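Undergrad: Data: start06.txt, compact mmCIF, C-alpha atoms.
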# COMPACT_ATOMS: atom_id res chain seq x y z
CA MET A 1 4.17 18.60 0.63
CA SER A 2 4.22 15.69 3.07
CA LEU A 3 1.32 17.20 5.02
CA ILE A 4 -0.69 18.51 2.07
CA VAL A 5 -0.34 15.60 -0.35
CA PHE A 6 0.67 12.86 2.08
CA GLY A 7 1.43 10.45 -0.73
CA GLY A 8 4.90 8.92 -0.67
CA ALA A 9 5.19 7.53 -4.19
CA ALA A 10 3.65 10.65 -5.74
CA GLN A 11 6.00 12.88 -3.77
CA PHE A 12 9.05 10.88 -4.84
CA ALA A 13 7.90 11.10 -8.43
CA ALA A 14 7.10 14.81 -8.20
CA VAL A 15 10.59 15.61 -6.97
CA GLY A 16 12.01 13.84 -10.01
CA TYR A 17 9.60 15.63 -12.33
CA VAL A 18 10.40 19.05 -10.85
CA THR A 19 14.15 18.55 -11.11
CA SER A 20 13.77 17.34 -14.70
CA GLY A 21 11.81 20.49 -15.57
CA LEU A 22 8.42 18.92 -16.31
CA ALA A 23 5.61 21.50 -16.38
CA TRP A 24 3.25 21.59 -13.40
CA PRO A 25 0.15 20.43 -15.33
CA GLY A 26 2.07 17.34 -16.35
CA ILE A 27 3.15 16.70 -12.77
CA VAL A 28 -0.42 17.08 -11.53
CA LEU A 29 -1.75 14.74 -14.22
CA LEU A 30 0.86 12.09 -13.40
CA THR A 31 0.14 12.48 -9.69
CA GLY A 32 -3.53 11.79 -10.32
CA LEU A 33 -2.66 8.70 -12.32
CA LEU A 34 -0.18 7.43 -9.77
CA ASN A 35 -2.60 7.94 -6.89
CA ALA A 36 -5.61 6.47 -8.68
CA ARG A 37 -4.98 3.21 -6.81
CA HIS A 38 -6.33 4.93 -3.71
CA LEU A 39 -9.74 4.67 -5.32
CA LEU A 40 -9.47 0.91 -4.94
CA TYR A 41 -8.31 1.22 -1.33
CA SER A 42 -11.12 3.60 -0.56
CA ALA A 43 -13.73 1.30 -2.08
CA ALA A 44 -12.31 -1.72 -0.24
CA LEU A 45 -12.45 0.04 3.13
CA ALA A 46 -15.86 1.62 2.58
CA PRO A 47 -18.02 -1.33 3.67
CA TRP A 48 -16.18 -1.40 7.01
CA LEU A 49 -16.62 2.29 7.71
CA THR A 50 -20.20 3.00 6.72
CA ASN A 51 -21.24 3.67 10.31
CA VAL A 52 -18.49 6.24 10.89
CA PRO A 53 -19.86 9.82 10.63
CA PHE A 54 -19.36 11.52 7.26
CA ALA A 55 -17.02 14.24 8.55
CA ARG A 56 -14.70 11.71 10.17
CA ARG A 57 -14.68 9.61 7.00
CA ALA A 58 -13.74 12.75 5.05
CA VAL A 59 -10.70 13.19 7.31
CA MET A 60 -9.92 9.48 7.14
CA ALA A 61 -9.78 9.81 3.36
CA HIS A 62 -6.91 12.29 3.48
CA LEU A 63 -4.91 9.86 5.64
CA LEU A 64 -5.53 6.88 3.37
CA THR A 65 -2.13 5.67 2.17
CA ASP A 66 -0.79 2.28 1.11
CA GLU A 67 0.40 1.66 4.63
CA ALA A 68 -2.72 2.95 6.40
CA PHE A 69 -4.89 0.82 4.13
CA ALA A 70 -2.92 -2.37 4.63
CA LEU A 71 -2.62 -1.91 8.38
CA SER A 72 -6.26 -1.03 8.93
CA ILE A 73 -7.93 -3.55 6.65
CA GLY A 74 -5.66 -6.28 7.98
CA HIS A 75 -6.66 -5.23 11.49
CA PHE A 76 -10.38 -5.19 10.65
CA ARG A 77 -10.16 -8.60 9.03
CA ARG A 78 -8.30 -10.08 11.98
CA LEU A 79 -10.93 -8.78 14.37
CA GLY A 80 -13.82 -9.50 12.03
CA ARG A 81 -15.24 -6.08 12.80
CA THR A 82 -14.50 -2.36 12.43
CA ASP A 83 -12.14 -0.67 14.88
CA GLU A 84 -12.13 3.07 14.18
CA TRP A 85 -9.38 3.77 16.67
CA GLY A 86 -7.31 1.13 14.93
CA TYR A 87 -7.62 3.13 11.72
CA TRP A 88 -6.57 6.39 13.36
CA ILE A 89 -3.59 4.75 15.04
CA GLY A 90 -2.53 3.04 11.84
CA ALA A 91 -2.93 6.20 9.77
CA ILE A 92 -1.57 8.81 12.17
CA VAL A 93 0.75 7.18 14.70
CA SER A 94 2.20 4.57 12.35
CA THR A 95 2.26 6.58 9.13
CA LEU A 96 1.58 10.34 9.21
CA ILE A 97 3.83 11.25 12.15
CA PRO A 98 6.83 9.08 11.14
CA TRP A 99 6.49 10.17 7.49
CA THR A 100 6.38 13.85 8.39
CA LEU A 101 9.27 13.62 10.85
CA ALA A 102 11.33 11.61 8.38
CA THR A 103 10.62 14.16 5.66
CA LEU A 104 11.77 16.93 7.99
CA ALA A 105 14.90 14.98 8.85
CA GLY A 106 15.55 14.44 5.17
CA VAL A 107 15.25 18.15 4.43
CA LEU A 108 17.57 19.09 7.28
CA LEU A 109 20.09 16.26 7.09
CA GLY A 110 19.66 14.66 3.68
CA GLY A 111 22.36 16.74 2.06
CA GLN A 112 24.95 15.22 4.39
CA ILE A 113 24.26 11.71 3.10
CA PRO A 114 26.38 11.39 -0.06
CA ASP A 115 24.47 8.55 -1.72
CA PRO A 116 21.38 7.17 0.07
CA SER A 117 21.20 4.15 -2.23
CA ARG A 118 24.41 2.83 -0.65
CA PHE A 119 22.36 2.28 2.49
CA GLY A 120 19.64 0.39 0.67
CA ILE A 121 16.99 3.02 1.33
CA ASP A 122 15.50 2.52 -2.13
CA ILE A 123 14.58 -1.08 -1.33
CA ILE A 124 12.49 -0.23 1.73
CA PHE A 125 9.39 0.84 -0.22
CA PRO A 126 8.92 -2.32 -2.35
CA SER A 127 9.91 -4.51 0.59
CA ALA A 128 7.37 -2.82 2.85
CA MET A 129 4.66 -3.22 0.21
CA ILE A 130 5.29 -6.95 -0.19
CA GLY A 131 5.52 -7.35 3.58
CA LEU A 132 2.18 -5.61 4.04
CA ALA A 133 0.69 -7.81 1.32
CA VAL A 134 1.86 -10.89 3.22
CA GLY A 135 -0.23 -9.74 6.17
CA LEU A 136 -3.33 -9.85 3.98
CA LEU A 137 -2.75 -13.35 2.59
CA THR A 138 -5.13 -15.65 4.41
CA GLY A 139 -6.01 -18.10 1.64
CA ARG A 140 -5.56 -19.11 -1.95
CA ARG A 141 -7.81 -16.36 -3.29
CA GLU A 142 -5.58 -13.68 -1.82
CA LEU A 143 -2.51 -15.53 -3.03
CA VAL A 144 -3.83 -15.75 -6.58
CA ALA A 145 -4.93 -12.11 -6.50
CA ALA A 146 -1.45 -11.02 -5.38
CA ALA A 147 0.42 -13.19 -7.89
CA VAL A 148 -1.76 -12.22 -10.84
CA GLY A 149 -1.78 -8.58 -9.76
CA ALA A 150 2.03 -8.56 -9.66
CA GLY A 151 2.41 -10.32 -13.01
CA VAL A 152 -0.16 -8.25 -14.84
CA GLY A 153 1.17 -5.08 -13.22
CA VAL A 154 4.69 -5.72 -14.52
CA VAL A 155 3.57 -6.61 -18.05
CA VAL A 156 1.29 -3.59 -18.36
CA ALA A 157 3.94 -1.33 -16.81
CA LEU A 158 6.41 -2.44 -19.48
CA LEU A 159 3.86 -1.79 -22.20
CA SER A 160 2.65 1.58 -20.90
CA SER A 161 3.82 3.12 -17.62
CA PRO A 162 4.40 1.93 -14.03
CA ALA A 163 1.38 3.87 -12.75
CA VAL A 164 -0.96 2.26 -15.27
CA GLY A 165 0.55 -1.15 -14.57
CA ILE A 166 -0.11 -0.86 -10.83
CA ILE A 167 -3.74 0.11 -11.39
CA VAL A 168 -4.42 -2.62 -13.96
CA GLY A 169 -2.69 -5.19 -11.75
CA GLY A 170 -4.86 -4.04 -8.87
CA LEU A 171 -8.00 -4.44 -10.97
CA VAL A 172 -7.23 -7.77 -12.66
CA GLY A 173 -5.67 -9.53 -9.65
CA PRO A 174 -8.86 -9.60 -7.52
CA ALA A 175 -10.88 -10.84 -10.51
CA ALA A 176 -8.46 -13.73 -10.89
CA GLY A 177 -8.67 -14.41 -7.16
CA LEU A 178 -12.44 -14.70 -7.37
CA LEU A 179 -12.04 -17.51 -9.90
CA VAL A 180 -10.76 -19.73 -7.08
CA PRO A 181 -13.83 -21.68 -5.90
CA ALA A 182 -14.75 -21.17 -2.26
CA THR A 183 -14.26 -24.88 -1.64
CA MET A 184 -10.65 -24.56 -2.75
CA ALA A 185 -9.93 -21.20 -1.14
CA HIS A 186 -8.43 -22.87 1.95
CA GLU A 187 -8.79 -19.86 4.18
CA THR A 188 -6.32 -20.61 6.96
CA ALA A 189 -8.12 -18.23 9.26
CA PRO A 190 -11.68 -17.37 8.21
CA LEU A 191 -12.53 -13.73 8.78
CA GLY A 192 -13.70 -12.85 12.24
CA SER A 193 -12.86 -16.23 13.68
CA PRO A 194 -10.76 -16.76 16.82
CA ALA A 195 -8.24 -18.51 14.57
CA SER A 196 -7.96 -15.35 12.53
CA ALA A 197 -7.38 -13.25 15.63
CA ASP A 198 -4.97 -15.72 17.19
CA ARG A 199 -2.93 -15.84 14.03
CA PHE A 200 -1.93 -12.23 14.29
CA LEU A 201 -2.43 -11.07 17.85
CA MET A 202 -0.77 -11.92 21.13
CA PRO A 203 -2.36 -15.09 22.55
CA GLY A 204 -5.45 -14.28 24.55
CA SER A 205 -5.49 -10.62 23.58
CA HIS A 206 -8.48 -10.93 21.28
CA VAL A 207 -11.77 -10.18 22.97
CA THR A 208 -14.88 -11.11 21.05
CA PRO A 209 -17.44 -8.30 21.52
CA PRO A 210 -20.97 -9.26 22.55
CA PRO A 211 -23.28 -9.77 19.55
CA ASP A 212 -25.43 -6.76 20.35
CA ASP A 213 -22.66 -4.39 21.44
CA PRO A 214 -24.04 -0.92 20.49
CA ALA A 215 -20.56 0.62 20.82
CA ASP A 216 -19.30 -1.46 17.95
CA PRO A 217 -20.46 0.26 14.75
CA GLY A 218 -18.80 -2.27 12.53
CA ARG A 219 -20.64 -5.23 13.96
CA GLY A 220 -22.35 -6.98 11.16
CA ALA A 221 -19.78 -5.92 8.57
CA PRO A 222 -18.93 -8.93 6.42
CA MET B 1 13.16 26.59 3.45
CA SER B 2 11.52 27.36 0.07
CA THR B 3 7.75 27.53 -0.23
CA GLU B 4 7.58 27.85 -4.01
CA LEU B 5 6.33 24.27 -4.37
CA VAL B 6 3.38 24.74 -1.99
CA PRO B 7 0.97 25.66 -4.84
CA LEU B 8 2.09 22.51 -6.67
CA ALA B 9 1.46 20.48 -3.50
CA VAL B 10 -2.05 21.97 -3.30
CA LEU B 11 -2.74 21.00 -6.92
CA MET B 12 -1.43 17.49 -6.22
CA PHE B 13 -3.76 17.32 -3.21
CA LEU B 14 -6.71 18.37 -5.37
CA VAL B 15 -6.20 15.41 -7.70
CA THR B 16 -5.31 12.95 -4.94
CA TYR B 17 -8.03 13.59 -2.36
CA PRO B 18 -10.98 12.68 -4.62
CA THR B 19 -9.49 9.25 -5.33
CA ARG B 20 -9.17 8.66 -1.60
CA ALA B 21 -12.57 10.05 -0.69
CA LEU B 22 -14.80 8.73 -3.45
CA GLY B 23 -15.11 5.21 -2.08
CA LEU B 24 -15.31 6.22 1.57
CA LEU B 25 -17.94 8.89 0.99
CA THR B 26 -20.10 7.07 -1.56
CA PRO B 27 -23.22 5.88 0.23
CA TRP B 28 -24.13 2.77 -1.77
CA LEU B 29 -20.88 0.85 -1.41
CA ASP B 30 -22.10 -0.89 1.74
CA ARG B 31 -24.93 -2.40 -0.28
CA LEU B 32 -22.67 -4.19 -2.72
CA PRO B 33 -23.50 -7.80 -3.53
CA ARG B 34 -21.35 -10.40 -1.83
CA VAL B 35 -19.18 -10.91 -4.90
CA GLY B 36 -18.47 -7.19 -5.02
CA PHE B 37 -17.35 -7.16 -1.43
CA ASP B 38 -15.21 -10.26 -1.99
CA TYR B 39 -13.60 -8.49 -4.95
CA LEU B 40 -12.79 -5.43 -2.88
CA GLN B 41 -11.24 -7.55 -0.14
CA LEU B 42 -8.79 -8.93 -2.70
CA VAL B 43 -7.76 -5.47 -3.89
CA GLY B 44 -5.22 -5.03 -1.08
CA PRO B 45 -3.01 -8.03 -1.82
CA ALA B 46 -3.24 -7.36 -5.57
CA VAL B 47 -2.33 -3.65 -5.46
CA LEU B 48 0.43 -4.06 -2.87
CA ALA B 49 1.99 -6.98 -4.73
CA SER B 50 1.70 -5.06 -7.98
CA LEU B 51 3.36 -2.03 -6.40
CA ALA B 52 6.25 -4.14 -5.10
CA ALA B 53 6.73 -6.06 -8.35
CA VAL B 54 6.61 -2.99 -10.57
CA SER B 55 8.98 -1.13 -8.24
CA VAL B 56 11.73 -3.76 -8.52
CA MET B 57 11.15 -5.18 -11.99
CA VAL B 58 10.43 -2.08 -14.07
CA VAL B 59 12.72 0.90 -14.46
CA THR B 60 11.90 4.03 -16.40
CA ASP B 61 14.58 6.08 -18.14
CA ASP B 62 14.69 9.84 -18.62
CA THR B 63 12.57 9.63 -21.76
CA GLY B 64 9.82 7.77 -19.90
CA ARG B 65 10.52 4.43 -21.56
CA SER B 66 9.99 1.41 -19.30
CA SER B 67 12.30 -1.61 -19.35
CA PHE B 68 12.61 -4.88 -17.46
CA HIS B 69 15.11 -4.88 -14.63
CA VAL B 70 16.84 -7.86 -13.06
CA GLY B 71 18.92 -7.22 -9.96
CA ILE B 72 19.68 -7.83 -6.33
CA GLU B 73 16.45 -5.99 -5.50
CA TRP B 74 14.53 -9.13 -6.48
CA VAL B 75 16.44 -11.17 -3.91
CA ALA B 76 15.96 -8.50 -1.26
CA VAL B 77 12.20 -8.25 -1.75
CA LEU B 78 11.87 -12.03 -1.87
CA ALA B 79 13.84 -12.27 1.36
CA CYS B 80 11.51 -9.74 2.96
CA LEU B 81 8.51 -11.75 1.82
CA VAL B 82 9.91 -15.01 3.22
CA VAL B 83 11.06 -13.56 6.54
CA THR B 84 7.80 -11.66 7.06
CA ALA B 85 5.72 -14.75 6.29
CA TRP B 86 7.91 -16.97 8.46
CA ARG B 87 8.33 -14.75 11.53
CA ARG B 88 5.11 -12.68 11.09
CA ASN B 89 7.30 -9.63 11.59
CA LEU B 90 7.62 -6.93 8.92
CA LEU B 91 10.51 -5.18 10.68
CA LEU B 92 12.66 -8.30 10.49
CA GLY B 93 11.76 -8.64 6.84
CA LEU B 94 12.79 -5.06 6.12
CA ILE B 95 16.08 -5.47 7.99
CA ALA B 96 16.88 -8.61 6.00
CA SER B 97 15.99 -6.88 2.75
CA VAL B 98 18.11 -3.78 3.41
CA ALA B 99 21.02 -5.89 4.69
CA ILE B 100 21.11 -7.93 1.48
CA VAL B 101 21.16 -4.81 -0.70
CA VAL B 102 23.75 -2.99 1.41
CA VAL B 103 26.13 -5.96 1.48
CA ALA B 104 25.68 -6.71 -2.22
CA ARG B 105 26.38 -3.11 -3.21
CA ALA B 106 29.25 -2.66 -0.76
CA THR B 107 31.02 -5.77 -2.06
CA GLY B 108 30.47 -4.81 -5.68
CA PHE B 109 28.17 -7.80 -6.29
CA ALA B 110 25.40 -5.41 -7.29
CA ALA B 111 25.58 -1.99 -8.92
CA LEU B 112 24.10 1.12 -7.40
CA PRO B 113 20.80 2.11 -9.02
CA GLY B 114 20.96 4.66 -11.81
What is this structure when it is put down as structure tokens?

TA:
Amino acid sequence: MSLIVFGGAAQFAAVGYVTSGLAWPGIVLLTGLLNARHLLYSAALAPWLTNVPFARRAVMAHLLTDEAFALSIGHFRRLGRTDEWGYWIGAIVSTLIPWTLATLAGVLLGGQIPDPSRFGIDIIFPSAMIGLAVGLLTGRRELVAAAVGAGVGVVVALLSSPAVGIIVGGLVGPAAGLLVPATMAHETAPLGSPASADRFLMPGSHVTPPPDDPADPGRGAP
Amino acid sequence: MSTELVPLAVLMFLVTYPTRALGLLTPWLDRLPRVGFDYLQLVGPAVLASLAAVSVMVVTDDTGRSSFHVGIEWVAVLACLVVTAWRRNLLLGLIASVAIVVVARATGFAALPG
């Protein structure tokens, strides 16, 4: 399942649904709802990847997870341009391989761990999500989008379901962020600037590509 | 190792892949107006924060009913946020977060989930 679906939250949920005896159509429907947020990720990454060949984008899509999205779009924004290798590394080396190996380890060794929650394993997912969000906060617009997204997400989740709450939070948060005027956005590191690169990378490691570099397909992306 | 769930995994893939591919494979998204692109750039912080908040503040019981949850998980996630923002290091944030939960549960300060 880790290789075919490659969707952590949906897999966790599916295991619970299977053990509780929920019928497969119900599980599939809930999986679609839970993973609908990937539509937003996909749309957000699309403008950066338009020059990548269709077939490679089709493969990229299967590897698009919360973590791959956050790592890659944060990387693109820091550089101010597309870095296709950065996407593959973020999606495969940092996410697919560890996730698959950890799943295998869980299958083989998980039964010997009496109660995983004693080790705080359940807190890693929300902590990782908020940590990845921190990496994308470069100004007040992002901050407002995150805060409103979280608040709306919780309220809607309480009124309907967690999956719906996450999607609605993800839709409303950016709209609220856009209400912050550009003059008040206070971007600490405008996209593509040396300040942006220096904020996240090792000092001096950022190399600005020449303006007409033909090997850089993302040049000109906003 | 059982393979009886492989067909279910395939069905889950069939509903998941389109959501991941639609944006990446739709040709007109690169011609969005500026405000559309700005909106999409804010999706990441909003969805990730929403995911984190819903994960620690909302619990769902066996009947599917959602309820508000207050617990040590709030402190742990907040600690992760602060440490990651301060040190620019997600690993340190995760270690701090897990350490808080483990200590709180081991000392009886916080109950085990469920």

Undergrad: Using all atoms listed in the file, I'd like every residue of chain B that has an atom within 7 Å of chain A; please write them out as a PDB file with C-alpha atoms, in the frame of the given file.

TA:
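Printed below is part-v8.pdb as written:
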ATOM      1  CA  VAL B   6       3.380  24.740  -1.990  1.00  0.00           C
ATOM      2  CA  LEU B   8       2.090  22.510  -6.670  1.00  0.00           C
ATOM      3  CA  ALA B   9       1.460  20.480  -3.500  1.00  0.00           C
ATOM      4  CA  VAL B  10      -2.050  21.970  -3.300  1.00  0.00           C
ATOM      5  CA  LEU B  11      -2.740  21.000  -6.920  1.00  0.00           C
ATOM      6  CA  MET B  12      -1.430  17.490  -6.220  1.00  0.00           C
ATOM      7  CA  PHE B  13      -3.760  17.320  -3.210  1.00  0.00           C
ATOM      8  CA  VAL B  15      -6.200  15.410  -7.700  1.00  0.00           C
ATOM      9  CA  THR B  16      -5.310  12.950  -4.940  1.00  0.00           C
ATOM     10  CA  TYR B  17      -8.030  13.590  -2.360  1.00  0.00           C
ATOM     11  CA  THR B  19      -9.490   9.250  -5.330  1.00  0.00           C
ATOM     12  CA  ARG B  20      -9.170   8.660  -1.600  1.00  0.00           C
ATOM     13  CA  ALA B  21     -12.570  10.050  -0.690  1.00  0.00           C
ATOM     14  CA  LEU B  22     -14.800   8.730  -3.450  1.00  0.00           C
ATOM     15  CA  GLY B  23     -15.110   5.210  -2.080  1.00  0.00           C
ATOM     16  CA  LEU B  24     -15.310   6.220   1.570  1.00  0.00           C
ATOM     17  CA  LEU B  25     -17.940   8.890   0.990  1.00  0.00           C
ATOM     18  CA  LEU B  29     -20.880   0.850  -1.410  1.00  0.00           C
ATOM     19  CA  ASP B  30     -22.100  -0.890   1.740  1.00  0.00           C
ATOM     20  CA  TYR B  39     -13.600  -8.490  -4.950  1.00  0.00           C
ATOM     21  CA  LEU B  40     -12.790  -5.430  -2.880  1.00  0.00           C
ATOM     22  CA  GLN B  41     -11.240  -7.550  -0.140  1.00  0.00           C
ATOM     23  CA  LEU B  42      -8.790  -8.930  -2.700  1.00  0.00           C
ATOM     24  CA  VAL B  43      -7.760  -5.470  -3.890  1.00  0.00           C
ATOM     25  CA  GLY B  44      -5.220  -5.030  -1.080  1.00  0.00           C
ATOM     26  CA  PRO B  45      -3.010  -8.030  -1.820  1.00  0.00           C
ATOM     27  CA  ALA B  46      -3.240  -7.360  -5.570  1.00  0.00           C
ATOM     28  CA  VAL B  47      -2.330  -3.650  -5.460  1.00  0.00           C
ATOM     29  CA  LEU B  48       0.430  -4.060  -2.870  1.00  0.00           C
ATOM     30  CA  ALA B  49       1.990  -6.980  -4.730  1.00  0.00           C
ATOM     31  CA  SER B  50       1.700  -5.060  -7.980  1.00  0.00           C
ATOM     32  CA  LEU B  51       3.360  -2.030  -6.400  1.00  0.00           C
ATOM     33  CA  ALA B  52       6.250  -4.140  -5.100  1.00  0.00           C
ATOM     34  CA  ALA B  53       6.730  -6.060  -8.350  1.00  0.00           C
ATOM     35  CA  VAL B  54       6.610  -2.990 -10.570  1.00  0.00           C
ATOM     36  CA  SER B  55       8.980  -1.130  -8.240  1.00  0.00           C
ATOM     37  CA  VAL B  56      11.730  -3.760  -8.520  1.00  0.00           C
ATOM     38  CA  MET B  57      11.150  -5.180 -11.990  1.00  0.00           C
ATOM     39  CA  VAL B  58      10.430  -2.080 -14.070  1.00  0.00           C
ATOM     40  CA  SER B  66       9.990   1.410 -19.300  1.00  0.00           C
ATOM     41  CA  SER B  67      12.300  -1.610 -19.350  1.00  0.00           C
ATOM     42  CA  PHE B  68      12.610  -4.880 -17.460  1.00  0.00           C
ATOM     43  CA  GLU B  73      16.450  -5.990  -5.500  1.00  0.00           C
ATOM     44  CA  VAL B  77      12.200  -8.250  -1.750  1.00  0.00           C
ATOM     45  CA  CYS B  80      11.510  -9.740   2.960  1.00  0.00           C
ATOM     46  CA  LEU B  81       8.510 -11.750   1.820  1.00  0.00           C
ATOM     47  CA  THR B  84       7.800 -11.660   7.060  1.00  0.00           C
ATOM     48  CA  ALA B  85       5.720 -14.750   6.290  1.00  0.00           C
ATOM     49  CA  LEU B  90       7.620  -6.930   8.920  1.00  0.00           C
ATOM     50  CA  LEU B  94      12.790  -5.060   6.120  1.00  0.00           C
ATOM     51  CA  SER B  97      15.990  -6.880   2.750  1.00  0.00           C
ATOM     52  CA  VAL B  98      18.110  -3.780   3.410  1.00  0.00           C
ATOM     53  CA  VAL B 101      21.160  -4.810  -0.700  1.00  0.00           C
ATOM     54  CA  VAL B 102      23.750  -2.990   1.410  1.00  0.00           C
ATOM     55  CA  ARG B 105      26.380  -3.110  -3.210  1.00  0.00           C
ATOM     56  CA  LEU B 112      24.100   1.120  -7.400  1.00  0.00           C
TER      57      LEU B 112
END

Undergrad: Between atom CA of His75 of chain A and atom CA of Val164 of chain A, what is the distance, to one decimal in Å?

TA: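 That distance, rounded to one decimal, is 28.4 Å.
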
Undergrad: Quick one, how far is atom CA of Thr95 of chain A from atom CA of Val103 of chain B?

TA: 28.0 Å

Undergrad: Take atom CA of Met184 of chain A and atom CA of Gly36 of chain B and report the distance between them in Å, one decimal.

TA: 19.2 Å

Undergrad: Hey, can I get the axis-aligned box for segment 36-51 of chain B? All listed atoms, 6 Å padding on each side, centre and edge lengths in Å to one decimal, as lines of an AutoDock Vina configuration file.

TA:
center_x = -7.6
center_y = -6.1
center_z = -4.1
size_x = 33.8
size_y = 20.2
size_z = 19.8

Undergrad: Will you model N, CA and C atoms for segment 36-57 of chain B and pass it back as an mmCIF file, in the frame of the given file?

TA:
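Result file follows (part.cif):
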data_model
loop_
_atom_site.group_PDB
_atom_site.id
_atom_site.type_symbol
_atom_site.label_atom_id
_atom_site.label_comp_id
_atom_site.auth_asym_id
_atom_site.auth_seq_id
_atom_site.Cartn_x
_atom_site.Cartn_y
_atom_site.Cartn_z
ATOM 1 N N GLY B 36 -19.128 -8.485 -4.959
ATOM 2 C CA GLY B 36 -18.470 -7.190 -5.020
ATOM 3 C C GLY B 36 -17.603 -6.950 -3.798
ATOM 4 N N PHE B 37 -18.133 -7.323 -2.653
ATOM 5 C CA PHE B 37 -17.350 -7.160 -1.430
ATOM 6 C C PHE B 37 -16.128 -8.086 -1.444
ATOM 7 N N ASP B 38 -16.336 -9.330 -1.907
ATOM 8 C CA ASP B 38 -15.210 -10.260 -1.990
ATOM 9 C C ASP B 38 -14.121 -9.701 -2.908
ATOM 10 N N TYR B 39 -14.565 -9.094 -4.011
ATOM 11 C CA TYR B 39 -13.600 -8.490 -4.950
ATOM 12 C C TYR B 39 -12.797 -7.401 -4.241
ATOM 13 N N LEU B 40 -13.483 -6.540 -3.533
ATOM 14 C CA LEU B 40 -12.790 -5.430 -2.880
ATOM 15 C C LEU B 40 -11.810 -5.928 -1.814
ATOM 16 N N GLN B 41 -12.140 -7.028 -1.163
ATOM 17 C CA GLN B 41 -11.240 -7.550 -0.140
ATOM 18 C C GLN B 41 -9.944 -8.102 -0.739
ATOM 19 N N LEU B 42 -9.988 -8.417 -2.038
ATOM 20 C CA LEU B 42 -8.790 -8.930 -2.700
ATOM 21 C C LEU B 42 -7.945 -7.817 -3.324
ATOM 22 N N VAL B 43 -8.469 -6.598 -3.283
ATOM 23 C CA VAL B 43 -7.760 -5.470 -3.890
ATOM 24 C C VAL B 43 -6.420 -5.218 -3.168
ATOM 25 N N GLY B 44 -6.429 -5.319 -1.853
ATOM 26 C CA GLY B 44 -5.220 -5.030 -1.080
ATOM 27 C C GLY B 44 -4.034 -5.867 -1.490
ATOM 28 N N PRO B 45 -4.145 -7.206 -1.408
ATOM 29 C CA PRO B 45 -3.010 -8.030 -1.820
ATOM 30 C C PRO B 45 -2.584 -7.762 -3.262
ATOM 31 N N ALA B 46 -3.569 -7.557 -4.149
ATOM 32 C CA ALA B 46 -3.240 -7.360 -5.570
ATOM 33 C C ALA B 46 -2.493 -6.049 -5.798
ATOM 34 N N VAL B 47 -2.975 -4.955 -5.224
ATOM 35 C CA VAL B 47 -2.330 -3.650 -5.460
ATOM 36 C C VAL B 47 -0.950 -3.612 -4.797
ATOM 37 N N LEU B 48 -0.860 -4.109 -3.566
ATOM 38 C CA LEU B 48 0.430 -4.060 -2.870
ATOM 39 C C LEU B 48 1.472 -4.926 -3.570
ATOM 40 N N ALA B 49 1.054 -6.122 -4.008
ATOM 41 C CA ALA B 49 1.990 -6.980 -4.730
ATOM 42 C C ALA B 49 2.382 -6.353 -6.063
ATOM 43 N N SER B 50 1.413 -5.724 -6.716
ATOM 44 C CA SER B 50 1.700 -5.060 -7.980
ATOM 45 C C SER B 50 2.678 -3.904 -7.776
ATOM 46 N N LEU B 51 2.449 -3.134 -6.724
ATOM 47 C CA LEU B 51 3.360 -2.030 -6.400
ATOM 48 C C LEU B 51 4.789 -2.542 -6.193
ATOM 49 N N ALA B 52 4.918 -3.608 -5.400
ATOM 50 C CA ALA B 52 6.250 -4.140 -5.100
ATOM 51 C C ALA B 52 6.909 -4.680 -6.367
ATOM 52 N N ALA B 53 6.151 -5.447 -7.151
ATOM 53 C CA ALA B 53 6.730 -6.060 -8.350
ATOM 54 C C ALA B 53 7.154 -5.000 -9.359
ATOM 55 N N VAL B 54 6.284 -4.036 -9.601
ATOM 56 C CA VAL B 54 6.610 -2.990 -10.570
ATOM 57 C C VAL B 54 7.811 -2.164 -10.076
ATOM 58 N N SER B 55 7.890 -1.939 -8.781
ATOM 59 C CA SER B 55 8.980 -1.130 -8.240
ATOM 60 C C SER B 55 10.346 -1.779 -8.454
ATOM 61 N N VAL B 56 10.422 -3.110 -8.388
ATOM 62 C CA VAL B 56 11.730 -3.760 -8.520
ATOM 63 C C VAL B 56 11.983 -4.341 -9.906
ATOM 64 N N MET B 57 10.948 -4.530 -10.690
ATOM 65 C CA MET B 57 11.150 -5.180 -11.990
ATOM 66 C C MET B 57 11.074 -4.233 -13.176
#
